[in-house]
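In what follows, a single structure is set out as structure tokens and then discussed.
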Amino acid sequence: MPGLVDCHTHPAFAGDRVEEFSLRSGGAGYEELQAAGGGILATVRATRAAGADVLRERVEAHAHWMLAHGTTTWEGKSGYGLDRDTELASLRAVAAAGGIPTWLGAHAVPPEHPSADAYLDLALDEVLPDAARIAEAADVFVERGAFDAGQARRYLEVCRAAGLALRLHGDQFTECGAVPLAVALGARSVDHLEATGQDGVAALGRSDVVGVLLPASALFLGRPMPPARALVDSGAAIALATDFNPGSSFTTSVPLVCSLAATQLGLTPAQALSAVTVNAAHVLGRSATTGRIAPGYRADVVLLDAPDWRYLAYHLGGDVVAAVVRAGELAYRR
Ligand code: NIG
Ligand code: FE
């Protein structure tokens with residue numbers, strides 16, 4: 001089958017959140033830990049402390065995990081630096097490991113800034129000019145406790161003027177206006193959508209904005225699944241991705257995401273396959289070269305050790321990827 005495309009990952013981090021994972025398993029809430037200075041900001045502290053060399057080495061390792069699950073094209077966000085040096089080091093590390101960098105400069109408000117607006121001033125004035133030379137897209141976390149729709153609009157409009165494509169994290173916990181904003185700005189995608197209601201579904205159905213669904217993140221946090229069937233029925237384009245990150249989705253397995261799509265989202269294996277190949281390539285602006293086995297496309301091919309391609313979704317947690325060819329070269333063999 002075509003090489004898998006993971007269009008939403010956060011691989012540029014150091015440290016882990018295994019302690020937080022244990023606390024959550026015992027009943028602590030993700031947003032509660034976030035508000036107490038843990039969560040994303042805990043990874044920001046670890047990532048800033050690690051330095052550019054360690055960060056580069058971690059992203060390389062994460063890229064290898066992805067390859068072993070059949071991923072030949074992946075997007076990687078910054079967003080655990082939130083200062084000039086660490087954000088730029090994150091984007092460079094993603095590019096050096098073969099990923100497509102997205103500047104998630106608006107992931108959280110770092111504690112040294114008095115307000116979200118003050119932080120955005122600095123990010124847009126001092127980081128964006130260099131970030132725009134490395135990244136292809138910009139992303140923002142629209143959520144209570146992160147950035148509101150007005151702040152997200154300001155950030156995205158300035159990023160668009162700098163030549164970046166636009167992505168949004170929206171409706172993960174609450175509907176805060178990310179979907180209407182994504183549609184108004186003509187964003188490439190709005191991602192998560194676990195809390196999206198009927199109006200948001202209908203708005204996406206009428207638009208060209210892709211809904212990127214991240215069921216591994218919903219599973220990992222014990223949250224409701226996104227309304228995948230309703231989105232498809234409304235005419236919305238959907239993609240699926242891992243959301244790989246240390247806090248809300250510690251997995252690099254696109255096949256696992258396909259299993260979740262088939263068992264939890266009401267999508268067929270065929271719908272899941274197009275959501276992790278052609279549609280995901282479209283989100284990354286690569287639909288003319290990536291996501292299909294066809295003349296003129298990059299020779300990215302996954303060989304499955306299975307009697308039927310649908311084992312990709314059927315074999316829950318299975319080790320179905322036998323070999324991966326990337327750009328015509330054997331890149332991985334089990
Ligand atoms: O997409 N929701 C915001 N960002 C990430 C999680 C980041 C973290 O927990 O470190 C996500 O789920
Ligand atoms: Fe994410």
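For the structure tokens, the naming scheme is as follows: chains receive sequential letters (A, B, ...) according to their order of presentation, residues are indexed from 1 within each chain, and ligands are indexed from 1 in presentation order.
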Using only C-alpha atoms and all ligand atoms, which residues have at least one atom no more than 7 Å from ligand 2? Output them as a PDB file with C-alpha atoms, in the first residue's frame.
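Contents of part_12.pdb, as written:
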```pdb
ATOM      1  CA  HIS A   8      -0.193  15.828  12.879  1.00  0.00           C
ATOM      2  CA  THR A   9       2.631  15.026  15.320  1.00  0.00           C
ATOM      3  CA  HIS A  10       4.527  16.816  18.099  1.00  0.00           C
ATOM      4  CA  HIS A 169      -6.035  22.696  17.272  1.00  0.00           C
ATOM      5  CA  ASP A 243      -1.067  13.440  17.396  1.00  0.00           C
TER       6      ASP A 243
END
```
What residues of the protein or nucleic acid chains come within 9 Å of ligand 1 when you use only C-alpha atoms and all ligand atoms? Reply as an MDAnalysis selection string.
chainID A and resid 8:10 13 17 30 34 39:44 79:80 107:108 140:143 146 169:170 172:173 191:192 214 217:218 243:249
The distance between CA of Ala228 (chain A) and CA of Ser207 (chain A) is 15.7 Å
Residues of region 173-256 of chain A in strand (DSSP E or B) according to DSSP, as a PDB file with C-alpha atoms, in the first residue's frame?
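The result, stored in states.pdb:
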```pdb
ATOM      1  CA  SER A 189      -7.213  21.936   8.632  1.00  0.00           C
ATOM      2  CA  VAL A 190      -8.772  22.075  12.064  1.00  0.00           C
ATOM      3  CA  ASP A 191      -7.636  19.202  14.242  1.00  0.00           C
ATOM      4  CA  HIS A 192      -9.111  17.256  17.219  1.00  0.00           C
ATOM      5  CA  VAL A 210     -10.053  19.254   6.401  1.00  0.00           C
ATOM      6  CA  GLY A 211     -11.088  17.876   9.786  1.00  0.00           C
ATOM      7  CA  VAL A 212      -8.067  16.011  11.167  1.00  0.00           C
ATOM      8  CA  LEU A 213      -9.238  13.388  13.664  1.00  0.00           C
ATOM      9  CA  ILE A 238     -11.354  14.126   6.968  1.00  0.00           C
ATOM     10  CA  ALA A 239      -7.829  12.944   7.663  1.00  0.00           C
ATOM     11  CA  LEU A 240      -6.543  10.822  10.551  1.00  0.00           C
ATOM     12  CA  PHE A 244       2.139  11.807  18.732  1.00  0.00           C
ATOM     13  CA  ASN A 245       3.253  13.760  21.826  1.00  0.00           C
ATOM     14  CA  SER A 249      -1.038  10.647  22.682  1.00  0.00           C
TER      15      SER A 249
END
```
Let me make sure I understand: among A:Val94, A:Ala261, A:Leu330, A:Ala241, which one has the smallest atom-to-atom distance to Val5 (chain A) if we use only C-alpha atoms?
A:Ala241
Please indicate the distance in Å from CA of Trp65 (chain A) to CA of Leu304 (chain A), rounded to one decimal place.
16.6 Å
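For the set A:Ala14, A:Met1, A:Met225, A:Ala152, the residue with the smallest atom-to-atom gap to Ala195 (chain A) is A:Met225, counting only C-alpha atoms.
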